[in-house]
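**Student:** Next up, my_file.txt (compact mmCIF, N, CA and C atoms).
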# COMPACT_ATOMS: atom_id res chain seq x y z
N MET Q 1 -40.85 112.80 33.16
CA MET Q 1 -40.04 113.90 33.64
C MET Q 1 -40.03 113.88 35.17
N ALA Q 2 -38.84 113.88 35.73
CA ALA Q 2 -38.70 113.84 37.19
C ALA Q 2 -38.81 115.25 37.75
N ASN Q 3 -39.75 115.41 38.67
CA ASN Q 3 -39.86 116.73 39.30
C ASN Q 3 -39.36 116.69 40.74
N SER Q 4 -38.64 115.62 41.07
CA SER Q 4 -37.95 115.58 42.37
C SER Q 4 -36.70 114.74 42.22
N ALA Q 5 -35.74 115.00 43.07
CA ALA Q 5 -34.50 114.23 43.10
C ALA Q 5 -34.66 113.20 44.21
N MET Q 6 -34.79 111.95 43.83
CA MET Q 6 -35.05 110.89 44.81
C MET Q 6 -33.97 110.79 45.88
N PHE Q 7 -32.73 111.02 45.49
CA PHE Q 7 -31.60 110.77 46.38
C PHE Q 7 -30.90 112.06 46.81
N GLY Q 8 -31.65 113.15 46.87
CA GLY Q 8 -31.08 114.42 47.33
C GLY Q 8 -30.41 114.26 48.69
N GLY Q 9 -29.20 114.81 48.82
CA GLY Q 9 -28.46 114.70 50.06
C GLY Q 9 -27.58 113.46 50.12
N LEU Q 10 -27.74 112.54 49.16
CA LEU Q 10 -26.97 111.31 49.14
C LEU Q 10 -26.02 111.24 47.95
N VAL Q 11 -26.09 112.25 47.07
CA VAL Q 11 -25.27 112.27 45.86
C VAL Q 11 -24.08 113.19 46.08
N VAL Q 12 -22.90 112.68 45.72
CA VAL Q 12 -21.67 113.46 45.82
C VAL Q 12 -20.92 113.36 44.49
N ASP Q 13 -20.02 114.35 44.26
CA ASP Q 13 -19.18 114.26 43.07
C ASP Q 13 -17.96 113.40 43.39
N GLU Q 14 -17.08 113.21 42.44
CA GLU Q 14 -15.94 112.32 42.63
C GLU Q 14 -14.92 112.86 43.63
N ASN Q 15 -15.07 114.13 44.02
CA ASN Q 15 -14.21 114.72 45.05
C ASN Q 15 -14.86 114.63 46.43
N GLY Q 16 -16.05 114.02 46.52
CA GLY Q 16 -16.74 113.88 47.79
C GLY Q 16 -17.59 115.08 48.18
N GLU Q 17 -17.71 116.06 47.28
CA GLU Q 17 -18.52 117.25 47.55
C GLU Q 17 -19.99 116.94 47.28
N ALA Q 18 -20.84 117.32 48.21
CA ALA Q 18 -22.27 117.05 48.06
C ALA Q 18 -22.86 117.80 46.86
N ALA Q 19 -23.70 117.10 46.12
CA ALA Q 19 -24.41 117.71 45.00
C ALA Q 19 -25.68 118.35 45.55
N LYS Q 20 -25.87 119.61 45.23
CA LYS Q 20 -27.10 120.30 45.65
C LYS Q 20 -28.22 119.92 44.70
N VAL Q 21 -29.44 120.10 45.15
CA VAL Q 21 -30.59 119.87 44.28
C VAL Q 21 -31.17 121.23 43.91
N LYS Q 22 -31.28 121.47 42.63
CA LYS Q 22 -31.87 122.71 42.11
C LYS Q 22 -32.85 122.32 41.01
N TYR Q 23 -33.64 123.28 40.61
CA TYR Q 23 -34.63 123.02 39.56
C TYR Q 23 -34.38 123.90 38.35
N VAL Q 24 -34.49 123.31 37.19
CA VAL Q 24 -34.46 124.03 35.93
C VAL Q 24 -35.88 123.90 35.41
N GLY Q 25 -36.65 124.97 35.57
CA GLY Q 25 -38.09 124.86 35.33
C GLY Q 25 -38.67 123.95 36.39
N GLU Q 26 -39.35 122.91 35.95
CA GLU Q 26 -39.91 121.93 36.89
C GLU Q 26 -39.02 120.70 37.03
N ARG Q 27 -37.94 120.66 36.29
CA ARG Q 27 -37.06 119.49 36.25
C ARG Q 27 -36.00 119.55 37.35
N ALA Q 28 -35.94 118.50 38.17
CA ALA Q 28 -34.95 118.43 39.26
C ALA Q 28 -33.58 118.08 38.69
N CYS Q 29 -32.56 118.71 39.25
CA CYS Q 29 -31.17 118.47 38.84
C CYS Q 29 -30.28 118.34 40.07
N TYR Q 30 -29.26 117.51 39.93
CA TYR Q 30 -28.18 117.50 40.92
C TYR Q 30 -27.15 118.49 40.38
N VAL Q 31 -26.67 119.36 41.24
CA VAL Q 31 -25.75 120.41 40.82
C VAL Q 31 -24.37 120.14 41.43
N VAL Q 32 -23.36 120.08 40.56
CA VAL Q 32 -21.98 119.87 41.01
C VAL Q 32 -21.10 120.99 40.48
N ASP Q 33 -20.09 121.32 41.25
CA ASP Q 33 -19.15 122.39 40.89
C ASP Q 33 -17.93 121.76 40.23
N ASP Q 34 -17.77 122.03 38.94
CA ASP Q 34 -16.64 121.52 38.17
C ASP Q 34 -15.60 122.62 38.05
N ASP Q 35 -14.84 122.85 39.13
CA ASP Q 35 -13.79 123.87 39.17
C ASP Q 35 -14.33 125.24 38.75
N GLY Q 36 -15.44 125.62 39.36
CA GLY Q 36 -16.05 126.92 39.09
C GLY Q 36 -17.16 126.89 38.06
N PHE Q 37 -17.24 125.82 37.27
CA PHE Q 37 -18.32 125.68 36.29
C PHE Q 37 -19.41 124.85 36.94
N VAL Q 38 -20.58 125.41 37.11
CA VAL Q 38 -21.67 124.73 37.80
C VAL Q 38 -22.45 123.89 36.80
N ARG Q 39 -22.42 122.58 37.02
CA ARG Q 39 -23.11 121.65 36.12
C ARG Q 39 -24.44 121.21 36.72
N HIS Q 40 -25.48 121.28 35.93
CA HIS Q 40 -26.81 120.80 36.33
C HIS Q 40 -27.04 119.46 35.64
N ILE Q 41 -27.14 118.42 36.44
CA ILE Q 41 -27.27 117.06 35.92
C ILE Q 41 -28.69 116.58 36.20
N ASP Q 42 -29.35 116.13 35.16
CA ASP Q 42 -30.73 115.68 35.27
C ASP Q 42 -30.87 114.59 36.34
N ALA Q 43 -31.67 114.86 37.36
CA ALA Q 43 -31.84 113.93 38.48
C ALA Q 43 -32.45 112.61 38.01
N GLU Q 44 -33.34 112.67 37.05
CA GLU Q 44 -33.99 111.44 36.58
C GLU Q 44 -32.96 110.45 36.04
N GLU Q 45 -31.97 110.95 35.30
CA GLU Q 45 -30.96 110.06 34.72
C GLU Q 45 -30.12 109.40 35.82
N VAL Q 46 -29.74 110.17 36.82
CA VAL Q 46 -28.95 109.63 37.93
C VAL Q 46 -29.81 108.65 38.73
N ASP Q 47 -31.02 109.06 39.08
CA ASP Q 47 -31.90 108.21 39.88
C ASP Q 47 -32.21 106.89 39.18
N ARG Q 48 -32.39 106.94 37.86
CA ARG Q 48 -32.67 105.72 37.09
C ARG Q 48 -31.48 104.75 37.17
N GLN Q 49 -30.26 105.28 37.08
CA GLN Q 49 -29.06 104.43 37.20
C GLN Q 49 -29.00 103.75 38.57
N VAL Q 50 -29.33 104.52 39.61
CA VAL Q 50 -29.29 103.98 40.97
C VAL Q 50 -30.36 102.91 41.15
N LEU Q 51 -31.57 103.18 40.66
CA LEU Q 51 -32.65 102.20 40.80
C LEU Q 51 -32.34 100.93 40.01
N ARG Q 52 -31.71 101.07 38.86
CA ARG Q 52 -31.31 99.91 38.07
C ARG Q 52 -30.32 99.05 38.86
N PHE Q 53 -29.34 99.71 39.51
CA PHE Q 53 -28.37 99.00 40.33
C PHE Q 53 -29.07 98.29 41.49
N MET Q 54 -29.93 99.04 42.19
CA MET Q 54 -30.63 98.47 43.36
C MET Q 54 -31.51 97.30 42.94
N SER Q 55 -32.16 97.42 41.82
CA SER Q 55 -33.01 96.36 41.31
C SER Q 55 -32.19 95.09 41.10
N GLY Q 56 -31.00 95.26 40.53
CA GLY Q 56 -30.12 94.11 40.32
C GLY Q 56 -29.69 93.47 41.63
N GLU Q 57 -29.38 94.32 42.62
CA GLU Q 57 -28.97 93.81 43.93
C GLU Q 57 -30.12 93.04 44.60
N VAL Q 58 -31.31 93.59 44.52
CA VAL Q 58 -32.47 92.94 45.13
C VAL Q 58 -32.76 91.63 44.39
N GLU Q 59 -32.63 91.65 43.07
CA GLU Q 59 -32.92 90.45 42.28
C GLU Q 59 -32.00 89.30 42.67
N GLU Q 60 -30.74 89.61 42.99
CA GLU Q 60 -29.78 88.60 43.42
C GLU Q 60 -30.25 87.87 44.67
N HIS Q 61 -30.94 88.58 45.54
CA HIS Q 61 -31.38 88.03 46.83
C HIS Q 61 -32.89 88.19 46.98
N ARG Q 62 -33.60 88.01 45.90
CA ARG Q 62 -35.04 88.29 45.85
C ARG Q 62 -35.83 87.56 46.95
N GLY Q 63 -35.64 86.27 47.08
CA GLY Q 63 -36.40 85.50 48.07
C GLY Q 63 -36.18 86.01 49.48
N GLU Q 64 -34.91 86.25 49.82
CA GLU Q 64 -34.59 86.77 51.15
C GLU Q 64 -35.14 88.17 51.35
N ALA Q 65 -35.05 89.01 50.31
CA ALA Q 65 -35.53 90.39 50.41
C ALA Q 65 -37.04 90.42 50.65
N VAL Q 66 -37.77 89.62 49.90
CA VAL Q 66 -39.23 89.57 50.06
C VAL Q 66 -39.57 89.08 51.46
N SER Q 67 -38.89 88.03 51.89
CA SER Q 67 -39.14 87.48 53.22
C SER Q 67 -38.87 88.51 54.31
N GLN Q 68 -37.75 89.23 54.20
CA GLN Q 68 -37.40 90.24 55.20
C GLN Q 68 -38.41 91.39 55.21
N MET Q 69 -38.84 91.81 54.03
CA MET Q 69 -39.83 92.90 53.96
C MET Q 69 -41.15 92.48 54.60
N MET Q 70 -41.55 91.25 54.33
CA MET Q 70 -42.79 90.75 54.94
C MET Q 70 -42.65 90.70 56.46
N GLN Q 71 -41.47 90.27 56.92
CA GLN Q 71 -41.22 90.21 58.36
C GLN Q 71 -41.26 91.60 58.96
N MET Q 72 -40.63 92.58 58.28
CA MET Q 72 -40.62 93.96 58.78
C MET Q 72 -42.04 94.50 58.89
N MET Q 73 -42.88 94.13 57.94
CA MET Q 73 -44.26 94.61 57.92
C MET Q 73 -45.16 93.79 58.83
N ASP Q 74 -44.60 92.71 59.40
CA ASP Q 74 -45.35 91.79 60.25
C ASP Q 74 -46.56 91.24 59.51
N LYS Q 75 -46.33 90.88 58.24
CA LYS Q 75 -47.38 90.32 57.39
C LYS Q 75 -46.87 89.01 56.81
N ASP Q 76 -47.75 88.04 56.68
CA ASP Q 76 -47.37 86.76 56.09
C ASP Q 76 -48.54 86.22 55.28
N ASP Q 77 -48.91 87.00 54.25
CA ASP Q 77 -50.01 86.55 53.41
C ASP Q 77 -49.65 86.73 51.94
N ILE Q 78 -50.36 86.06 51.09
CA ILE Q 78 -50.08 86.04 49.66
C ILE Q 78 -50.26 87.42 49.01
N PHE Q 79 -51.17 88.24 49.54
CA PHE Q 79 -51.41 89.56 48.96
C PHE Q 79 -50.24 90.51 49.23
N THR Q 80 -49.70 90.46 50.45
CA THR Q 80 -48.54 91.27 50.78
C THR Q 80 -47.34 90.83 49.94
N LYS Q 81 -47.17 89.53 49.82
CA LYS Q 81 -46.06 89.01 49.01
C LYS Q 81 -46.20 89.47 47.56
N ALA Q 82 -47.39 89.41 47.01
CA ALA Q 82 -47.62 89.86 45.64
C ALA Q 82 -47.34 91.35 45.48
N ALA Q 83 -47.72 92.14 46.47
CA ALA Q 83 -47.47 93.60 46.42
C ALA Q 83 -45.97 93.89 46.44
N ILE Q 84 -45.24 93.18 47.29
CA ILE Q 84 -43.79 93.37 47.38
C ILE Q 84 -43.13 92.93 46.08
N GLU Q 85 -43.53 91.78 45.55
CA GLU Q 85 -42.99 91.30 44.28
C GLU Q 85 -43.24 92.31 43.16
N SER Q 86 -44.43 92.87 43.13
CA SER Q 86 -44.78 93.87 42.12
C SER Q 86 -43.91 95.12 42.26
N THR Q 87 -43.69 95.54 43.49
CA THR Q 87 -42.84 96.70 43.74
C THR Q 87 -41.43 96.45 43.24
N ILE Q 88 -40.90 95.27 43.50
CA ILE Q 88 -39.56 94.92 43.02
C ILE Q 88 -39.53 94.90 41.49
N ASN Q 89 -40.54 94.29 40.88
CA ASN Q 89 -40.59 94.20 39.43
C ASN Q 89 -40.67 95.56 38.77
N ASN Q 90 -41.28 96.53 39.43
CA ASN Q 90 -41.51 97.85 38.85
C ASN Q 90 -40.71 98.94 39.53
N MET Q 91 -39.58 98.58 40.12
CA MET Q 91 -38.78 99.53 40.88
C MET Q 91 -38.40 100.76 40.05
N GLU Q 92 -38.02 100.55 38.81
CA GLU Q 92 -37.57 101.66 37.98
C GLU Q 92 -38.71 102.62 37.63
N ASP Q 93 -39.94 102.17 37.74
CA ASP Q 93 -41.08 103.04 37.47
C ASP Q 93 -41.24 104.12 38.53
N ASN Q 94 -40.52 103.99 39.64
CA ASN Q 94 -40.64 104.95 40.73
C ASN Q 94 -39.72 106.15 40.60
N VAL Q 95 -39.02 106.28 39.46
CA VAL Q 95 -38.15 107.43 39.26
C VAL Q 95 -38.96 108.70 39.42
N GLY Q 96 -38.44 109.62 40.22
CA GLY Q 96 -39.11 110.89 40.44
C GLY Q 96 -40.03 110.90 41.64
N GLN Q 97 -40.29 109.73 42.22
CA GLN Q 97 -41.11 109.68 43.43
C GLN Q 97 -40.21 110.02 44.61
N PRO Q 98 -40.55 111.04 45.37
CA PRO Q 98 -39.65 111.44 46.46
C PRO Q 98 -39.55 110.37 47.55
N ILE Q 99 -38.33 110.19 48.03
CA ILE Q 99 -38.09 109.35 49.20
C ILE Q 99 -38.23 110.28 50.40
N PRO Q 100 -38.96 109.88 51.43
CA PRO Q 100 -39.13 110.77 52.59
C PRO Q 100 -37.79 111.24 53.15
N GLU Q 101 -37.74 112.49 53.56
CA GLU Q 101 -36.52 113.10 54.10
C GLU Q 101 -35.91 112.26 55.21
N GLN Q 102 -36.75 111.77 56.10
CA GLN Q 102 -36.26 110.98 57.23
C GLN Q 102 -35.55 109.71 56.74
N ALA Q 103 -36.09 109.08 55.71
CA ALA Q 103 -35.47 107.87 55.16
C ALA Q 103 -34.13 108.19 54.51
N ARG Q 104 -34.05 109.32 53.79
CA ARG Q 104 -32.77 109.73 53.18
C ARG Q 104 -31.73 110.04 54.24
N GLN Q 105 -32.14 110.70 55.33
CA GLN Q 105 -31.20 111.00 56.41
C GLN Q 105 -30.69 109.70 57.03
N TRP Q 106 -31.58 108.75 57.22
CA TRP Q 106 -31.21 107.46 57.79
C TRP Q 106 -30.21 106.75 56.88
N LEU Q 107 -30.48 106.74 55.57
CA LEU Q 107 -29.55 106.13 54.62
C LEU Q 107 -28.19 106.80 54.68
N GLY Q 108 -28.19 108.15 54.75
CA GLY Q 108 -26.94 108.89 54.85
C GLY Q 108 -26.16 108.55 56.09
N MET Q 109 -26.85 108.42 57.22
CA MET Q 109 -26.18 108.08 58.47
C MET Q 109 -25.58 106.69 58.42
N LEU Q 110 -26.20 105.80 57.65
CA LEU Q 110 -25.67 104.44 57.51
C LEU Q 110 -24.49 104.37 56.54
N GLY Q 111 -24.24 105.47 55.82
CA GLY Q 111 -23.10 105.50 54.90
C GLY Q 111 -23.45 105.33 53.44
N PHE Q 112 -24.73 105.37 53.09
CA PHE Q 112 -25.13 105.23 51.69
C PHE Q 112 -24.78 106.50 50.93
N ARG Q 113 -24.00 106.36 49.86
CA ARG Q 113 -23.60 107.50 49.03
C ARG Q 113 -23.63 107.09 47.57
N ILE Q 114 -23.99 108.04 46.74
CA ILE Q 114 -23.98 107.84 45.29
C ILE Q 114 -22.94 108.81 44.73
N VAL Q 115 -21.94 108.28 44.05
CA VAL Q 115 -20.88 109.11 43.48
C VAL Q 115 -21.14 109.24 41.98
N ILE Q 116 -21.16 110.50 41.52
CA ILE Q 116 -21.36 110.75 40.09
C ILE Q 116 -20.19 111.55 39.54
N ASP Q 117 -19.96 111.40 38.23
CA ASP Q 117 -18.96 112.24 37.59
C ASP Q 117 -19.66 113.49 37.06
N TYR Q 118 -18.90 114.35 36.39
CA TYR Q 118 -19.47 115.63 35.94
C TYR Q 118 -20.44 115.48 34.77
N ASP Q 119 -20.52 114.27 34.20
CA ASP Q 119 -21.48 114.03 33.12
C ASP Q 119 -22.76 113.37 33.65
N GLY Q 120 -22.78 113.04 34.95
CA GLY Q 120 -23.96 112.43 35.54
C GLY Q 120 -23.94 110.91 35.54
N THR Q 121 -22.81 110.34 35.21
CA THR Q 121 -22.68 108.89 35.25
C THR Q 121 -22.39 108.47 36.68
N VAL Q 122 -23.13 107.50 37.17
CA VAL Q 122 -22.89 106.98 38.51
C VAL Q 122 -21.62 106.14 38.45
N THR Q 123 -20.61 106.55 39.20
CA THR Q 123 -19.33 105.83 39.19
C THR Q 123 -19.18 104.90 40.38
N ASP Q 124 -19.96 105.14 41.43
CA ASP Q 124 -19.88 104.28 42.61
C ASP Q 124 -21.14 104.46 43.45
N ILE Q 125 -21.57 103.38 44.04
CA ILE Q 125 -22.65 103.43 45.02
C ILE Q 125 -22.10 102.78 46.28
N GLN Q 126 -21.95 103.58 47.31
CA GLN Q 126 -21.40 103.09 48.57
C GLN Q 126 -22.55 102.65 49.45
N MET Q 127 -22.60 101.36 49.67
CA MET Q 127 -23.66 100.76 50.46
C MET Q 127 -23.16 100.50 51.87
N PRO Q 128 -24.02 100.69 52.87
CA PRO Q 128 -23.60 100.36 54.24
C PRO Q 128 -23.39 98.86 54.35
N GLU Q 129 -22.40 98.49 55.16
CA GLU Q 129 -22.15 97.07 55.38
C GLU Q 129 -23.17 96.52 56.35
N MET Q 130 -23.61 95.32 56.08
CA MET Q 130 -24.55 94.63 56.95
C MET Q 130 -23.81 94.14 58.18
N PRO Q 131 -24.27 94.51 59.39
CA PRO Q 131 -23.62 93.99 60.59
C PRO Q 131 -23.73 92.47 60.65
N GLU Q 132 -22.78 91.83 61.31
CA GLU Q 132 -22.83 90.39 61.50
C GLU Q 132 -24.18 90.01 62.08
N GLY Q 133 -24.90 89.11 61.44
CA GLY Q 133 -26.20 88.69 61.93
C GLY Q 133 -27.34 89.61 61.49
N GLY Q 134 -27.06 90.62 60.68
CA GLY Q 134 -28.11 91.51 60.18
C GLY Q 134 -28.36 92.67 61.11
N PHE Q 135 -29.29 93.52 60.71
CA PHE Q 135 -29.67 94.64 61.53
C PHE Q 135 -30.60 94.16 62.63
N PRO Q 136 -30.53 94.76 63.82
CA PRO Q 136 -31.39 94.33 64.93
C PRO Q 136 -32.85 94.29 64.51
N GLY Q 137 -33.49 93.18 64.78
CA GLY Q 137 -34.91 93.04 64.48
C GLY Q 137 -35.20 92.57 63.07
N LEU Q 138 -34.17 92.56 62.20
CA LEU Q 138 -34.40 92.16 60.82
C LEU Q 138 -33.75 90.84 60.46
N GLY Q 139 -32.86 90.35 61.28
CA GLY Q 139 -32.17 89.12 60.94
C GLY Q 139 -31.13 89.36 59.87
N GLY Q 140 -30.56 88.32 59.32
CA GLY Q 140 -29.55 88.46 58.27
C GLY Q 140 -30.19 88.43 56.90
N MET Q 141 -29.55 89.07 55.94
CA MET Q 141 -30.03 89.04 54.56
C MET Q 141 -28.93 88.56 53.66
Starting from the file, give its structure as structure tokens.
**Tutor:**
Amino acid sequence: MANSAMFGGLVVDENGEAAKVKYVGERACYVVDDDGFVRHIDAEEVDRQVLRFMSGEVEEHRGEAVSQMMQMMDKDDIFTKAAIESTINNMEDNVGQPIPEQARQWLGMLGFRIVIDYDGTVTDIQMPEMPEGGFPGLGGM
């Protein structure tokens, strides 16, 4: 059971309206306005769809992603590599773990958006485009 919305502030409905985060008991929900009808969509279901997508994207470029993460951490040892590999392998297990507010704001400023329909199906994930040559200090991915 997810007691936090991982991507709060980054989820919008198909009209581009931001989904608020509310709680039904202890369960986090993304709330969208369907022409006056307020829908509470289970955050865990949305977050799981997003993590599944991200996992697939990372898997496509796994070697480069691991290398870049190690470079960002300024680590080049087998233990760090194993920890990163484990994190990638178990990405979906992190559903409900809050992403720090500062990181979500940064993602939002870069243009990261998750579009959901009124049933909670992720219809689009808008990813920021990688600048030519990668982000400063990170190289290309």
**Student:** Suppose you want the space between atom C of Val46 (chain Q) and atom N of Leu110 (chain Q); what is it in Å?
**Tutor:**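 Distance reported for this atom pair: 19.5 Å.
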**Student:** Q:Val31, Q:Ile114, Q:Met70, Q:Ala82: which is nearest Ala19 (chain Q), counting all atoms listed in the file?
**Tutor:** Q:Val31
**Student:** Check region 6-138 of chain Q with DSSP on the backbone and list each residue it calls helix (DSSP H, G or I), as a PyMOL selection string.
**Tutor:** chain Q and resi 43-60+62-72+78-89+91-94+101-110
**Student:** Have a look at CA of Tyr30 (chain Q) and CA of Ser55 (chain Q) and let me know their distance in Å, one decimal.
**Tutor:**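 That distance, rounded to one decimal, is 21.7 Å.
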**Student:** Name the residues in contact with Gln126 (chain Q) at a cut-off of 6.5 Å, using all atoms listed in the file, excluding same-chain residues fewer than 3 positions from it; report them as a count of residues only.
**Tutor:** 5
**Student:** Using only C-alpha atoms, which protein or nucleic acid residues come within 9 Å of Asp47 (chain Q)? Drop anything in the same chain fewer than 5 positions from it, and give the result as a list in words.
**Tutor:**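 My reading of the contact set: Ala5, Met6, Phe7, Asp42, Arg52, Glu92, Val95 and Gly96 of chain Q.
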**Student:** What gap, in Å, lies between CA of Leu51 (chain Q) and CA of Asp77 (chain Q)?
**Tutor:**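 Atom-to-atom, CA of Leu51 (chain Q) and CA of Asp77 (chain Q) are spaced 26.6 Å apart.
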**Student:** Select from region 44-125 of chain Q everything DSSP, run on the backbone, classes as strand (DSSP E or B), then give the selection as a PyMOL selection string.
**Tutor:** chain Q and resi 113-116+122-125
**Student:** Tell me, as a short mmCIF file (atom, residue, chain, number, x, y, z; two decimals) with N, CA and C atoms, in the frame of the given file, which residues lie within 7 Å of region 100-109 of chain Q, counting only N, CA and C atoms; anything in the same chain fewer than 5 positions away does not count.
**Tutor:**
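Saved to result29.cif:
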data_model
loop_
_atom_site.label_atom_id
_atom_site.label_comp_id
_atom_site.auth_asym_id
_atom_site.auth_seq_id
_atom_site.Cartn_x
_atom_site.Cartn_y
_atom_site.Cartn_z
N PHE Q 7 -32.73 111.02 45.49
CA PHE Q 7 -31.60 110.77 46.38
C PHE Q 7 -30.90 112.06 46.81
N GLY Q 8 -31.65 113.15 46.87
CA GLY Q 8 -31.08 114.42 47.33
C GLY Q 8 -30.41 114.26 48.69
N GLY Q 9 -29.20 114.81 48.82
CA GLY Q 9 -28.46 114.70 50.06
C GLY Q 9 -27.58 113.46 50.12
N LEU Q 10 -27.74 112.54 49.16
CA LEU Q 10 -26.97 111.31 49.14
C LEU Q 10 -26.02 111.24 47.95
#
**Student:** Hey, which of Q:Ser67, Q:Tyr23, Q:Asn3, Q:Ala43 ends up closest to Asp119 (chain Q)? Count only C-alpha atoms.
**Tutor:**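 The answer is Q:Ala43, which sits nearest to Asp119 (chain Q).
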**Student:** Considering only C-alpha atoms, can you say which of Q:Tyr118, Q:Ile88, Q:Val32, Q:Gln97 comes closest to Met54 (chain Q)?
**Tutor:**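 The closest residue to Met54 (chain Q) is Q:Ile88.
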**Student:** I need the residue nearest Ile41 (chain Q) from this list: Q:Ile78, Q:Ile99, Q:Ile125, Q:Cys29. Use only C-alpha atoms for the distance.
**Tutor:**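 Residue with the minimum atom-to-atom distance to Ile41 (chain Q): Q:Cys29.
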**Student:** Which residue, Q:Val21, Q:Arg27, Q:Asn15, Q:Glu85, has the smallest gap to Glu44 (chain Q) when you use all atoms listed in the file?
**Tutor:**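 Using all atoms listed in the file, the shortest distance to Glu44 (chain Q) belongs to Q:Arg27.
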